[in-house]
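*Asks:* This is the structure I have questions about; it appears just below.
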Amino acid sequence: MTSSVRISLPNGIQYTQPTCLFIDNKWVPGDSDTFSVLNPASEDEIVTIQGASSTNVDQAVIAARRAFEGVWSEIAASERGAFLYKIAELIKRDRELIASIDALDNGKPYTAALNIDLDEAWNVFRYYAGAADKITGQTIETSPAKLAYVMQEPLGVCGQIIPWNYPFMMLAWKVAPALACGNTVVLKPAEQTPLSALYFCELVLEAGLPAGVVNVLPGIGSITGSALALHEDVDKIAFTGSTPTGREIMKAAASNLKNITLECGGKSPSVVFEDADLEQAVKWCHSGIMDNQGQICTSTSRIYVHESVYDDFLTRFVDVTKKHDKIGDQFSEGIYQGAQISDIQQQRILSFIEAGKKDGARLLYGGTRHGQKGYFIKPTIFADTTESMKIVREEIFGPVVAISKFSTQGEVIRKCNDSPYGLAAALFTENVRRAHIVARKLQAGMVWINSSGDSHYGIPFGGYKSSGIGRELGQYALDAYTQSKAVHVNLDSAS
Ligand code: NAD
């Protein structure tokens, strides 16, 4: 079986795509079943990838353990930072290629991959390159004769399981802070989008990282992901994906009490108060649900609009949606929306749309697939939804929004919080006092006032309730990838 293939991308870029596993700085064959990676816009196979078995997971964990103990946790933090900086520069050099790879197997518009995903990945590596030698603990005087100091030490071998919606960006969010803190990693990309993670290994080699520091294992979740989550010599699992899989990972991690970070699903609300700047609110509410084909864990998929501006909001929301209804192949000029990730997701979204119709929601726009080929869905707007409807309660992960009206602040806060999820929330008002009062009352890990979807590598990202455990990004990720050691010192030689 070949370990790489030459790929010509539709935008003229050519490159060599690795198709096997990356363990201990070597390309090695996978022992598990192979799987196809498809272009979601054409439904054609791009390439066949080798899957990692539980034996391969063992090999990767052994390599990562050896690299952790003998090398990576021992070198100066500034040297780790310098390696991360090298990787950042290589990402910058190859940003067009990596954006093209992500667009190809994910289906997202190339320009979005380039300007959002790749810029973020570059920034994240630079941020943690700078953070590597600024990880500090505390010194505490416990009595006149004693003091204690606290060191932040790495956890060890980190298993990292990432989803398909932001393939390269999710890799950056996970790999950069883990390495900065002195951990080594075994990363499993999603089976739909393993290509950029495998290409990343070429950058790891070029940057000269010691063998075993980064290992990448493509494979199916229930085989490779599960073996990684269960592995007794893995110290942490960091996962992004659905809440049901997050639960499975939490159970598997219990075997040796692994440290876990889970970024799971959401059903995030937007609230538009009567005094909102309606044009701005419509713009942000639209991007909040429709960006990235609605495939964002923080997508604001429920919109609550004050009854006094409800009809006006609906008219404007349909207008903006029509203007952005530019669907197509990820490499076409001027498109806003690409294909959904897979046939399964397309069918799942269509079944939610049918449920919305059956439950009596008013369909204002879309409601069907787009075209005959490719996993496209028309942007879909439902109005007059009620709280018991499936489309209001469950995560759809597609370009489908449920809009309804409210009368009072108390009522809308209750509705927003009436969900097992608590990832994000947006609110629109010109009343500064109300904005902060409502922000406090919303049960969400992230709140946007007069915007939506903002995230920044310096700001913690994560959810309340069933949306996850722990936080990624910023200084918070440094806590998530280290453990505290308290050292007590007795200065009194007489006692
Ligand atoms: P998923 O949670 O099953 O997959 C995410 C990652 O977990 C992938 O790498 C997958 O291979 C891995 N995985 C799957 N089962 C595993 C297991 N038992 N043990 C270890 N790893 C495992 O998500 P999906 O099936 O790709 O999509 C289903 C739904 O998940 C979507 O409709 C959407 O609602 C949600 N989703 C959410 C996010 C997010 O960012 N919150 C991302 C992708 C999907």
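Following the order of the structure tokens, first chain is A, next is B, and so on, with residues numbered from 1 inside each chain and ligands from 1 in the order they appear.
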Which residues, written as a list of chain:residue names, have at least one atom at most 9 Å from Gln443 (chain A), with only C-alpha atoms counted and residues fewer than 3 positions away on the same chain left out?
*Replies:*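 Skipping anything fewer than 3 positions along the chain leaves A:Cys416, A:Asn417, A:Tyr421, A:Gly422, A:Leu423, A:Ala424, A:Ala425, A:Ala439, A:Arg440, A:Met446, A:Gly463, A:Tyr464, A:Lys465.
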*Asks:* If you count only C-alpha atoms, which residues fall within 9 Å of Arg302 (chain A), apart from same-chain ones fewer than 2 positions away, as an MDAnalysis selection string?
*Replies:* chainID A and resid 267:271 289 299:300 304 391:393 401:404 416
*Asks:* Okay, now the selection with N, CA, C and O atoms, as an mmCIF file, in the first residue's frame?
*Replies:*
```
data_model
loop_
_atom_site.group_PDB
_atom_site.id
_atom_site.type_symbol
_atom_site.label_atom_id
_atom_site.label_comp_id
_atom_site.auth_asym_id
_atom_site.auth_seq_id
_atom_site.Cartn_x
_atom_site.Cartn_y
_atom_site.Cartn_z
ATOM 1 N N LYS A 267 -26.722 24.461 21.603
ATOM 2 C CA LYS A 267 -27.975 24.915 20.969
ATOM 3 C C LYS A 267 -28.102 26.368 21.407
ATOM 4 O O LYS A 267 -28.997 26.746 22.190
ATOM 5 N N SER A 268 -27.172 27.175 20.919
ATOM 6 C CA SER A 268 -26.982 28.509 21.494
ATOM 7 C C SER A 268 -28.044 29.491 21.016
ATOM 8 O O SER A 268 -28.412 29.509 19.833
ATOM 9 N N PRO A 269 -28.548 30.330 21.939
ATOM 10 C CA PRO A 269 -29.571 31.310 21.579
ATOM 11 C C PRO A 269 -28.996 32.685 21.228
ATOM 12 O O PRO A 269 -27.926 33.061 21.699
ATOM 13 N N SER A 270 -29.748 33.428 20.412
ATOM 14 C CA SER A 270 -29.536 34.873 20.224
ATOM 15 C C SER A 270 -30.802 35.553 20.714
ATOM 16 O O SER A 270 -31.910 35.076 20.433
ATOM 17 N N VAL A 271 -30.642 36.676 21.400
ATOM 18 C CA VAL A 271 -31.804 37.434 21.882
ATOM 19 C C VAL A 271 -31.750 38.831 21.287
ATOM 20 O O VAL A 271 -30.733 39.523 21.415
ATOM 21 N N ILE A 289 -25.594 31.794 12.613
ATOM 22 C CA ILE A 289 -26.103 30.456 12.301
ATOM 23 C C ILE A 289 -25.618 29.954 10.942
ATOM 24 O O ILE A 289 -25.402 28.759 10.760
ATOM 25 N N SER A 299 -22.825 27.779 16.951
ATOM 26 C CA SER A 299 -23.845 28.362 16.053
ATOM 27 C C SER A 299 -25.066 28.794 16.862
ATOM 28 O O SER A 299 -25.594 28.023 17.665
ATOM 29 N N THR A 300 -25.519 30.024 16.626
ATOM 30 C CA THR A 300 -26.694 30.517 17.357
ATOM 31 C C THR A 300 -27.946 30.100 16.570
ATOM 32 O O THR A 300 -28.437 30.825 15.719
ATOM 33 N N TYR A 304 -34.492 34.507 19.505
ATOM 34 C CA TYR A 304 -35.670 35.043 20.186
ATOM 35 C C TYR A 304 -35.707 36.552 19.942
ATOM 36 O O TYR A 304 -34.745 37.258 20.255
ATOM 37 N N ILE A 391 -36.586 20.984 16.516
ATOM 38 C CA ILE A 391 -35.607 21.905 15.914
ATOM 39 C C ILE A 391 -35.178 22.997 16.890
ATOM 40 O O ILE A 391 -34.195 23.694 16.652
ATOM 41 N N VAL A 392 -35.924 23.164 17.989
ATOM 42 C CA VAL A 392 -35.541 24.141 19.012
ATOM 43 C C VAL A 392 -34.700 23.481 20.099
ATOM 44 O O VAL A 392 -33.864 24.107 20.725
ATOM 45 N N ARG A 393 -34.902 22.199 20.288
ATOM 46 C CA ARG A 393 -34.256 21.533 21.430
ATOM 47 C C ARG A 393 -32.921 20.864 21.064
ATOM 48 O O ARG A 393 -32.016 20.790 21.871
ATOM 49 N N VAL A 401 -32.314 27.603 11.087
ATOM 50 C CA VAL A 401 -32.530 28.431 12.271
ATOM 51 C C VAL A 401 -33.995 28.416 12.692
ATOM 52 O O VAL A 401 -34.889 28.344 11.848
ATOM 53 N N ALA A 402 -34.218 28.474 14.006
ATOM 54 C CA ALA A 402 -35.576 28.509 14.569
ATOM 55 C C ALA A 402 -35.772 29.875 15.237
ATOM 56 O O ALA A 402 -35.047 30.215 16.172
ATOM 57 N N ILE A 403 -36.749 30.649 14.728
ATOM 58 C CA ILE A 403 -36.958 32.010 15.255
ATOM 59 C C ILE A 403 -38.341 32.093 15.915
ATOM 60 O O ILE A 403 -39.335 31.594 15.373
ATOM 61 N N SER A 404 -38.397 32.723 17.082
ATOM 62 C CA SER A 404 -39.693 32.925 17.748
ATOM 63 C C SER A 404 -39.671 34.251 18.497
ATOM 64 O O SER A 404 -38.624 34.891 18.616
ATOM 65 N N CYS A 416 -33.905 30.798 27.056
ATOM 66 C CA CYS A 416 -32.493 30.588 26.673
ATOM 67 C C CYS A 416 -31.869 29.492 27.528
ATOM 68 O O CYS A 416 -31.126 28.641 27.029
#
```
*Asks:* Could you list, as a list in words, all protein and nucleic acid residues with an atom at most 6 Å from ligand 1, counting only C-alpha atoms and all ligand atoms?
*Replies:*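 Those residues are Ile161, Ile162, Pro163, Trp164, Asn165, Pro189, Ala190, Glu191, Ile220, Gly221, Ser222, Gly225, Ser226, Thr240, Gly241, Ser242, Thr245, Glu248, Ile249, Cys264, Gly265, Ile296, Cys297, Glu395, Ile396 and Phe397 of chain A.
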*Asks:* Under the rule that only C-alpha atoms are counted, which of A:Ile101, A:Leu179, A:Ala131, A:Ala64 is the nearest residue to Val157 (chain A)?
*Replies:*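 Closest to Val157 (chain A) of all the choices is A:Ala64.
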*Asks:* Identify which of the residues A:Leu278, A:Phe331, A:Ala103, A:Met169 lies closest to Arg316 (chain A), counting only C-alpha atoms when measuring atom-to-atom distances.
*Replies:* A:Leu278
*Asks:* Between A:Thr136, A:Ser4, A:Thr111, A:Ser484, which has the minimum distance to Glu333 (chain A) (counting only C-alpha atoms)?
*Replies:*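 Nearest candidate to Glu333 (chain A) out of A:Thr136, A:Ser4, A:Thr111, A:Ser484: A:Thr111.
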*Asks:* Residues of region 210-442 of chain A classed as alpha helix (DSSP H) by DSSP on the backbone are to be reported as a PyMOL selection string.
*Replies:* chain A and resi 226-230+243-253+278-290+310-323+343-358+390-393+409-417+432-441
*Asks:* Under the rule that only C-alpha atoms are counted, which of A:Ser452, A:Thr34, A:Ser3, A:Thr142 is the nearest residue to Thr298 (chain A)?
*Replies:* A:Ser452
*Asks:* With distances taken over only C-alpha atoms, which residue among A:Leu491, A:Val305, A:Val272, A:Cys285 lies nearest Leu427 (chain A)?
*Replies:*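 Using only C-alpha atoms, the shortest distance to Leu427 (chain A) belongs to A:Val272.
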*Asks:* Apply DSSP to the backbone of this structure and, from region 39-167 of chain A, keep only the residues in strand (DSSP E); write these as a list in words.
*Replies:*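 Reading the DSSP output for region 39-167 of chain A, strand (DSSP E) covers Glu45, Ile46, Val47, Thr48, Ile49, Gln50, Gly51, Thr139, Ile140, Glu141, Thr142, Ser143, Lys146, Leu147, Ala148, Tyr149, Val150, Met151, Gln152, Glu153, Pro154, Val157, Cys158, Gly159, Gln160 and Ile161 of chain A.
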*Asks:* Point out the residue among A:Ala77, A:Pro194, A:Thr139, A:Ala172 with the least atom-to-atom distance to Ile49 (chain A), counting only C-alpha atoms.
*Replies:*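 When distances to Ile49 (chain A) are compared using only C-alpha atoms, the smallest one comes from A:Pro194.
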*Asks:* Please, what distance in Å, to one decimal, runs between CA of Ile260 (chain A) and CA of Val175 (chain A)?
*Replies:*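 Distance reported for this atom pair: 14.7 Å.
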*Asks:* Set the distance at 9 Å and use only C-alpha atoms: which residues neighbour Phe461 (chain A) once local chain neighbours fewer than 4 positions away are removed? I'd like the list as a PDB file with N, CA and C atoms, in the first residue's frame.
*Replies:*
```pdb
ATOM      1  N   GLU A 263     -15.008  19.595  24.567  1.00  0.00           N
ATOM      2  CA  GLU A 263     -15.741  20.688  23.905  1.00  0.00           C
ATOM      3  C   GLU A 263     -16.829  20.018  23.093  1.00  0.00           C
ATOM      4  N   LEU A 423     -23.319  26.423  25.742  1.00  0.00           N
ATOM      5  CA  LEU A 423     -22.034  26.784  25.134  1.00  0.00           C
ATOM      6  C   LEU A 423     -21.886  28.294  24.953  1.00  0.00           C
ATOM      7  N   GLY A 445     -20.933  29.440  28.474  1.00  0.00           N
ATOM      8  CA  GLY A 445     -19.503  29.681  28.667  1.00  0.00           C
ATOM      9  C   GLY A 445     -19.007  30.903  27.931  1.00  0.00           C
ATOM     10  N   MET A 446     -19.776  31.352  26.935  1.00  0.00           N
ATOM     11  CA  MET A 446     -19.382  32.541  26.163  1.00  0.00           C
ATOM     12  C   MET A 446     -20.628  33.362  25.838  1.00  0.00           C
ATOM     13  N   SER A 455     -14.371  34.646  18.461  1.00  0.00           N
ATOM     14  CA  SER A 455     -13.499  33.927  19.376  1.00  0.00           C
ATOM     15  C   SER A 455     -12.099  34.467  19.123  1.00  0.00           C
ATOM     16  N   HIS A 456     -11.217  34.306  20.083  1.00  0.00           N
ATOM     17  CA  HIS A 456      -9.874  34.864  19.983  1.00  0.00           C
ATOM     18  C   HIS A 456      -8.946  33.927  20.738  1.00  0.00           C
ATOM     19  N   TYR A 457      -7.762  33.716  20.206  1.00  0.00           N
ATOM     20  CA  TYR A 457      -6.857  32.732  20.812  1.00  0.00           C
ATOM     21  C   TYR A 457      -6.462  33.081  22.242  1.00  0.00           C
ATOM     22  N   GLY A 470     -14.066  22.066  31.041  1.00  0.00           N
ATOM     23  CA  GLY A 470     -12.764  22.709  30.856  1.00  0.00           C
ATOM     24  C   GLY A 470     -12.817  23.780  29.779  1.00  0.00           C
ATOM     25  N   ARG A 471     -11.705  24.445  29.589  1.00  0.00           N
ATOM     26  CA  ARG A 471     -11.610  25.535  28.621  1.00  0.00           C
ATOM     27  C   ARG A 471     -10.372  25.369  27.751  1.00  0.00           C
ATOM     28  N   GLU A 472     -10.516  25.803  26.491  1.00  0.00           N
ATOM     29  CA  GLU A 472      -9.373  25.846  25.603  1.00  0.00           C
ATOM     30  C   GLU A 472      -8.972  27.305  25.392  1.00  0.00           C
ATOM     31  N   LEU A 473      -7.811  27.496  24.798  1.00  0.00           N
ATOM     32  CA  LEU A 473      -7.268  28.810  24.406  1.00  0.00           C
ATOM     33  C   LEU A 473      -6.831  29.666  25.604  1.00  0.00           C
ATOM     34  N   GLY A 474      -6.079  30.703  25.287  1.00  0.00           N
ATOM     35  CA  GLY A 474      -5.611  31.653  26.284  1.00  0.00           C
ATOM     36  C   GLY A 474      -4.774  30.993  27.375  1.00  0.00           C
ATOM     37  N   TYR A 476      -5.964  29.812  29.963  1.00  0.00           N
ATOM     38  CA  TYR A 476      -6.753  28.694  30.500  1.00  0.00           C
ATOM     39  C   TYR A 476      -6.268  27.356  29.944  1.00  0.00           C
TER      40      TYR A 476
END
```
*Asks:* Could you give me, as a list of chain:residue names, the residues within 10 Å of region 147-151 of chain A, counting only C-alpha atoms and dropping anything in the same chain fewer than 4 positions from it?
*Replies:*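 The residues satisfying every condition are A:Ile135, A:Thr136, A:Gly137, A:Gln138, A:Thr139, A:Ile140, A:Glu141, A:Thr142, A:Ser143, A:Thr482, A:Gln483, A:Ser484, A:Lys485, A:Ala486, A:Val487, A:His488, A:Val489, A:Asn490, A:Leu491.
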*Asks:* With N, CA, C and O atoms retained, export the selected residues as a PDB file, in the first residue's frame.
*Replies:*
```
ATOM      1  N   ILE A 135       5.182  30.197  31.781  1.00  0.00           N
ATOM      2  CA  ILE A 135       4.293  29.390  32.629  1.00  0.00           C
ATOM      3  C   ILE A 135       4.868  29.424  34.047  1.00  0.00           C
ATOM      4  O   ILE A 135       5.961  28.925  34.284  1.00  0.00           O
ATOM      5  N   THR A 136       4.143  30.066  34.949  1.00  0.00           N
ATOM      6  CA  THR A 136       4.701  30.278  36.290  1.00  0.00           C
ATOM      7  C   THR A 136       3.749  29.744  37.351  1.00  0.00           C
ATOM      8  O   THR A 136       2.546  29.616  37.132  1.00  0.00           O
ATOM      9  N   GLY A 137       4.301  29.475  38.531  1.00  0.00           N
ATOM     10  CA  GLY A 137       3.484  29.105  39.688  1.00  0.00           C
ATOM     11  C   GLY A 137       3.498  30.230  40.712  1.00  0.00           C
ATOM     12  O   GLY A 137       3.863  31.356  40.395  1.00  0.00           O
ATOM     13  N   GLN A 138       3.127  29.891  41.953  1.00  0.00           N
ATOM     14  CA  GLN A 138       3.075  30.905  43.013  1.00  0.00           C
ATOM     15  C   GLN A 138       4.086  30.558  44.092  1.00  0.00           C
ATOM     16  O   GLN A 138       4.482  29.401  44.228  1.00  0.00           O
ATOM     17  N   THR A 139       4.459  31.552  44.886  1.00  0.00           N
ATOM     18  CA  THR A 139       5.214  31.297  46.107  1.00  0.00           C
ATOM     19  C   THR A 139       4.374  31.835  47.257  1.00  0.00           C
ATOM     20  O   THR A 139       3.890  32.968  47.196  1.00  0.00           O
ATOM     21  N   ILE A 140       4.161  31.006  48.292  1.00  0.00           N
ATOM     22  CA  ILE A 140       3.254  31.402  49.382  1.00  0.00           C
ATOM     23  C   ILE A 140       3.977  31.181  50.712  1.00  0.00           C
ATOM     24  O   ILE A 140       4.523  30.095  50.962  1.00  0.00           O
ATOM     25  N   GLU A 141       4.000  32.223  51.545  1.00  0.00           N
ATOM     26  CA  GLU A 141       4.598  32.057  52.877  1.00  0.00           C
ATOM     27  C   GLU A 141       3.536  31.434  53.772  1.00  0.00           C
ATOM     28  O   GLU A 141       2.491  32.033  54.019  1.00  0.00           O
ATOM     29  N   THR A 142       3.765  30.228  54.236  1.00  0.00           N
ATOM     30  CA  THR A 142       2.733  29.525  55.018  1.00  0.00           C
ATOM     31  C   THR A 142       2.862  29.804  56.519  1.00  0.00           C
ATOM     32  O   THR A 142       1.919  29.600  57.268  1.00  0.00           O
ATOM     33  N   SER A 143       4.056  30.197  56.988  1.00  0.00           N
ATOM     34  CA  SER A 143       4.261  30.626  58.376  1.00  0.00           C
ATOM     35  C   SER A 143       5.586  31.391  58.353  1.00  0.00           C
ATOM     36  O   SER A 143       6.311  31.345  57.344  1.00  0.00           O
ATOM     37  N   THR A 482      -1.393  21.416  32.246  1.00  0.00           N
ATOM     38  CA  THR A 482      -0.378  21.265  33.297  1.00  0.00           C
ATOM     39  C   THR A 482      -1.048  20.781  34.574  1.00  0.00           C
ATOM     40  O   THR A 482      -2.280  20.827  34.712  1.00  0.00           O
ATOM     41  N   GLN A 483      -0.234  20.315  35.505  1.00  0.00           N
ATOM     42  CA  GLN A 483      -0.733  19.989  36.844  1.00  0.00           C
ATOM     43  C   GLN A 483       0.155  20.717  37.857  1.00  0.00           C
ATOM     44  O   GLN A 483       1.339  20.971  37.603  1.00  0.00           O
ATOM     45  N   SER A 484      -0.438  21.029  39.006  1.00  0.00           N
ATOM     46  CA  SER A 484       0.291  21.821  40.010  1.00  0.00           C
ATOM     47  C   SER A 484       1.045  20.895  40.948  1.00  0.00           C
ATOM     48  O   SER A 484       0.496  19.892  41.413  1.00  0.00           O
ATOM     49  N   LYS A 485       2.275  21.261  41.230  1.00  0.00           N
ATOM     50  CA  LYS A 485       3.020  20.548  42.282  1.00  0.00           C
ATOM     51  C   LYS A 485       3.369  21.564  43.374  1.00  0.00           C
ATOM     52  O   LYS A 485       4.029  22.571  43.114  1.00  0.00           O
ATOM     53  N   ALA A 486       2.921  21.282  44.605  1.00  0.00           N
ATOM     54  CA  ALA A 486       3.225  22.172  45.737  1.00  0.00           C
ATOM     55  C   ALA A 486       4.446  21.634  46.455  1.00  0.00           C
ATOM     56  O   ALA A 486       4.489  20.458  46.826  1.00  0.00           O
ATOM     57  N   VAL A 487       5.434  22.476  46.632  1.00  0.00           N
ATOM     58  CA  VAL A 487       6.658  22.082  47.347  1.00  0.00           C
ATOM     59  C   VAL A 487       6.715  22.896  48.640  1.00  0.00           C
ATOM     60  O   VAL A 487       6.736  24.124  48.614  1.00  0.00           O
ATOM     61  N   HIS A 488       6.696  22.202  49.786  1.00  0.00           N
ATOM     62  CA  HIS A 488       6.725  22.873  51.098  1.00  0.00           C
ATOM     63  C   HIS A 488       8.166  22.933  51.594  1.00  0.00           C
ATOM     64  O   HIS A 488       8.867  21.912  51.611  1.00  0.00           O
ATOM     65  N   VAL A 489       8.608  24.087  52.034  1.00  0.00           N
ATOM     66  CA  VAL A 489      10.000  24.277  52.453  1.00  0.00           C
ATOM     67  C   VAL A 489      10.024  24.741  53.910  1.00  0.00           C
ATOM     68  O   VAL A 489       9.348  25.716  54.263  1.00  0.00           O
ATOM     69  N   ASN A 490      10.792  24.020  54.705  1.00  0.00           N
ATOM     70  CA  ASN A 490      10.958  24.418  56.108  1.00  0.00           C
ATOM     71  C   ASN A 490      12.281  25.175  56.233  1.00  0.00           C
ATOM     72  O   ASN A 490      13.352  24.630  55.984  1.00  0.00           O
ATOM     73  N   LEU A 491      12.240  26.449  56.638  1.00  0.00           N
ATOM     74  CA  LEU A 491      13.448  27.274  56.724  1.00  0.00           C
ATOM     75  C   LEU A 491      14.051  27.261  58.127  1.00  0.00           C
ATOM     76  O   LEU A 491      15.106  27.811  58.355  1.00  0.00           O
TER      77      LEU A 491
END
```
*Asks:* If you count only C-alpha atoms, which residues fall within 8 Å of Phe22 (chain A), apart from same-chain ones fewer than 5 positions away, as a PDB file with C-alpha atoms, in the first residue's frame?
*Replies:*
```
ATOM      1  CA  TRP A  27       5.469   7.266   8.152  1.00  0.00           C
ATOM      2  CA  VAL A  28       4.184   3.792   9.070  1.00  0.00           C
ATOM      3  CA  LEU A 198      -1.287  14.348   7.961  1.00  0.00           C
ATOM      4  CA  CYS A 201       3.408  16.035  10.058  1.00  0.00           C
ATOM      5  CA  ASN A 215       2.116  11.480  16.460  1.00  0.00           C
ATOM      6  CA  VAL A 216      -0.912  11.497  14.161  1.00  0.00           C
ATOM      7  CA  LEU A 217      -3.225   8.502  13.802  1.00  0.00           C
TER       8      LEU A 217
END
```
*Asks:* Need the shell around Cys181 (chain A): protein/DNA/RNA residues with any atom at most 9 Å away, counting only C-alpha atoms. Skip same-chain ones fewer than 4 positions apart. Format as a list of chain:residue names?
*Replies:* A:Ser73, A:Ala77, A:Arg80, A:Tyr128, A:Ala131, A:Ala132, A:Asp133, A:Ile135, A:Gln152, A:Glu153, A:Pro154, A:Leu155, A:Ala176, A:Pro177, A:Leu478, A:Tyr481, A:Thr482
*Asks:* Selection from above, all heavy atoms, as a short mmCIF file (atom, residue, chain, number, x, y, z; two decimals), in the first residue's frame, can you write it?
*Replies:*
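For reference, part.cif as written:
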```cif
data_model
loop_
_atom_site.label_atom_id
_atom_site.label_comp_id
_atom_site.auth_asym_id
_atom_site.auth_seq_id
_atom_site.Cartn_x
_atom_site.Cartn_y
_atom_site.Cartn_z
N SER A 73 9.99 17.12 27.86
CA SER A 73 9.74 17.76 29.15
C SER A 73 11.05 18.21 29.81
O SER A 73 11.04 18.90 30.81
CB SER A 73 8.99 16.81 30.09
OG SER A 73 9.79 15.68 30.35
N ALA A 77 12.08 25.57 28.29
CA ALA A 77 10.77 25.99 27.78
C ALA A 77 10.93 26.93 26.58
O ALA A 77 10.15 26.88 25.62
CB ALA A 77 9.99 26.67 28.90
N ARG A 80 11.28 24.94 23.49
CA ARG A 80 9.97 24.45 23.00
C ARG A 80 9.24 25.57 22.26
O ARG A 80 8.64 25.36 21.21
CB ARG A 80 9.10 23.97 24.17
CG ARG A 80 9.59 22.70 24.82
CD ARG A 80 8.48 22.02 25.60
NE ARG A 80 8.00 22.81 26.72
CZ ARG A 80 8.47 22.73 27.97
NH1 ARG A 80 9.44 21.89 28.26
NH2 ARG A 80 7.96 23.49 28.92
N TYR A 128 1.19 30.44 21.61
CA TYR A 128 1.74 29.46 22.55
C TYR A 128 3.26 29.33 22.43
O TYR A 128 3.92 28.91 23.38
CB TYR A 128 1.02 28.11 22.43
CG TYR A 128 -0.38 28.24 23.00
CD1 TYR A 128 -1.51 28.28 22.19
CD2 TYR A 128 -0.55 28.38 24.38
CE1 TYR A 128 -2.77 28.45 22.73
CE2 TYR A 128 -1.81 28.56 24.93
CZ TYR A 128 -2.92 28.59 24.09
OH TYR A 128 -4.15 28.77 24.63
N ALA A 131 4.10 31.79 24.87
CA ALA A 131 3.66 31.44 26.24
C ALA A 131 4.56 30.38 26.89
O ALA A 131 4.60 30.26 28.11
CB ALA A 131 2.22 30.93 26.20
N ALA A 132 5.28 29.60 26.06
CA ALA A 132 5.99 28.41 26.58
C ALA A 132 6.89 28.74 27.77
O ALA A 132 6.93 28.00 28.75
CB ALA A 132 6.79 27.75 25.46
N ASP A 133 7.61 29.87 27.70
CA ASP A 133 8.53 30.18 28.81
C ASP A 133 7.94 31.21 29.78
O ASP A 133 8.66 31.90 30.49
CB ASP A 133 9.90 30.63 28.28
CG ASP A 133 9.80 31.86 27.39
OD1 ASP A 133 8.68 32.37 27.19
OD2 ASP A 133 10.85 32.30 26.89
N ILE A 135 5.18 30.20 31.78
CA ILE A 135 4.29 29.39 32.63
C ILE A 135 4.87 29.42 34.05
O ILE A 135 5.96 28.93 34.28
CB ILE A 135 4.19 27.95 32.09
CG1 ILE A 135 3.61 27.99 30.68
CG2 ILE A 135 3.34 27.08 33.02
CD1 ILE A 135 3.71 26.69 29.91
N GLN A 152 4.01 24.47 37.87
CA GLN A 152 3.07 23.92 36.88
C GLN A 152 3.84 22.95 36.01
O GLN A 152 4.69 23.37 35.22
CB GLN A 152 2.45 25.04 36.04
CG GLN A 152 1.50 25.95 36.81
CD GLN A 152 0.38 25.20 37.49
OE1 GLN A 152 0.26 25.24 38.71
NE2 GLN A 152 -0.44 24.50 36.72
N GLU A 153 3.55 21.67 36.13
CA GLU A 153 4.30 20.66 35.38
C GLU A 153 3.42 20.04 34.29
O GLU A 153 2.19 19.95 34.46
CB GLU A 153 4.78 19.56 36.34
CG GLU A 153 5.76 20.10 37.36
CD GLU A 153 6.48 19.01 38.14
OE1 GLU A 153 5.93 17.90 38.28
OE2 GLU A 153 7.61 19.28 38.59
N PRO A 154 4.03 19.59 33.21
CA PRO A 154 3.21 18.97 32.14
C PRO A 154 2.52 17.70 32.62
O PRO A 154 2.95 17.08 33.61
CB PRO A 154 4.22 18.66 31.04
CG PRO A 154 5.56 18.71 31.69
CD PRO A 154 5.46 19.64 32.87
N LEU A 155 1.48 17.30 31.90
CA LEU A 155 0.72 16.11 32.29
C LEU A 155 1.37 14.83 31.79
O LEU A 155 1.30 13.79 32.43
CB LEU A 155 -0.70 16.19 31.72
CG LEU A 155 -1.56 17.34 32.25
CD1 LEU A 155 -2.79 17.52 31.37
CD2 LEU A 155 -1.98 17.07 33.68
N ALA A 176 -0.83 23.06 19.93
CA ALA A 176 0.08 24.15 20.34
C ALA A 176 0.17 24.30 21.86
O ALA A 176 1.28 24.30 22.41
CB ALA A 176 -0.33 25.46 19.66
N PRO A 177 -0.95 24.41 22.60
CA PRO A 177 -0.80 24.57 24.06
C PRO A 177 -0.22 23.32 24.74
O PRO A 177 0.55 23.43 25.69
CB PRO A 177 -2.23 24.84 24.55
CG PRO A 177 -3.14 24.39 23.47
CD PRO A 177 -2.36 24.50 22.19
N LEU A 478 -3.26 26.67 29.29
CA LEU A 478 -2.01 26.32 29.99
C LEU A 478 -2.35 25.58 31.28
O LEU A 478 -1.64 24.66 31.68
CB LEU A 478 -1.18 27.58 30.27
CG LEU A 478 -0.78 28.39 29.02
CD1 LEU A 478 -0.01 29.64 29.42
CD2 LEU A 478 0.06 27.54 28.06
N TYR A 481 -3.36 21.95 30.40
CA TYR A 481 -2.30 21.03 29.99
C TYR A 481 -1.15 20.94 31.00
O TYR A 481 -0.07 20.47 30.68
CB TYR A 481 -1.76 21.43 28.61
CG TYR A 481 -2.70 20.99 27.50
CD1 TYR A 481 -3.54 21.90 26.86
CD2 TYR A 481 -2.74 19.66 27.10
CE1 TYR A 481 -4.41 21.49 25.87
CE2 TYR A 481 -3.60 19.24 26.11
CZ TYR A 481 -4.44 20.16 25.49
OH TYR A 481 -5.29 19.75 24.50
N THR A 482 -1.39 21.42 32.25
CA THR A 482 -0.38 21.26 33.30
C THR A 482 -1.05 20.78 34.57
O THR A 482 -2.28 20.83 34.71
CB THR A 482 0.33 22.61 33.60
OG1 THR A 482 -0.66 23.60 33.92
CG2 THR A 482 1.18 23.08 32.46
#
```
*Asks:* To one decimal in Å, tell me the separation between CA of Pro18 (chain A) and CA of Asp31 (chain A).
*Replies:*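 Taking CA of Pro18 (chain A) and CA of Asp31 (chain A), their separation equals 15.9 Å.
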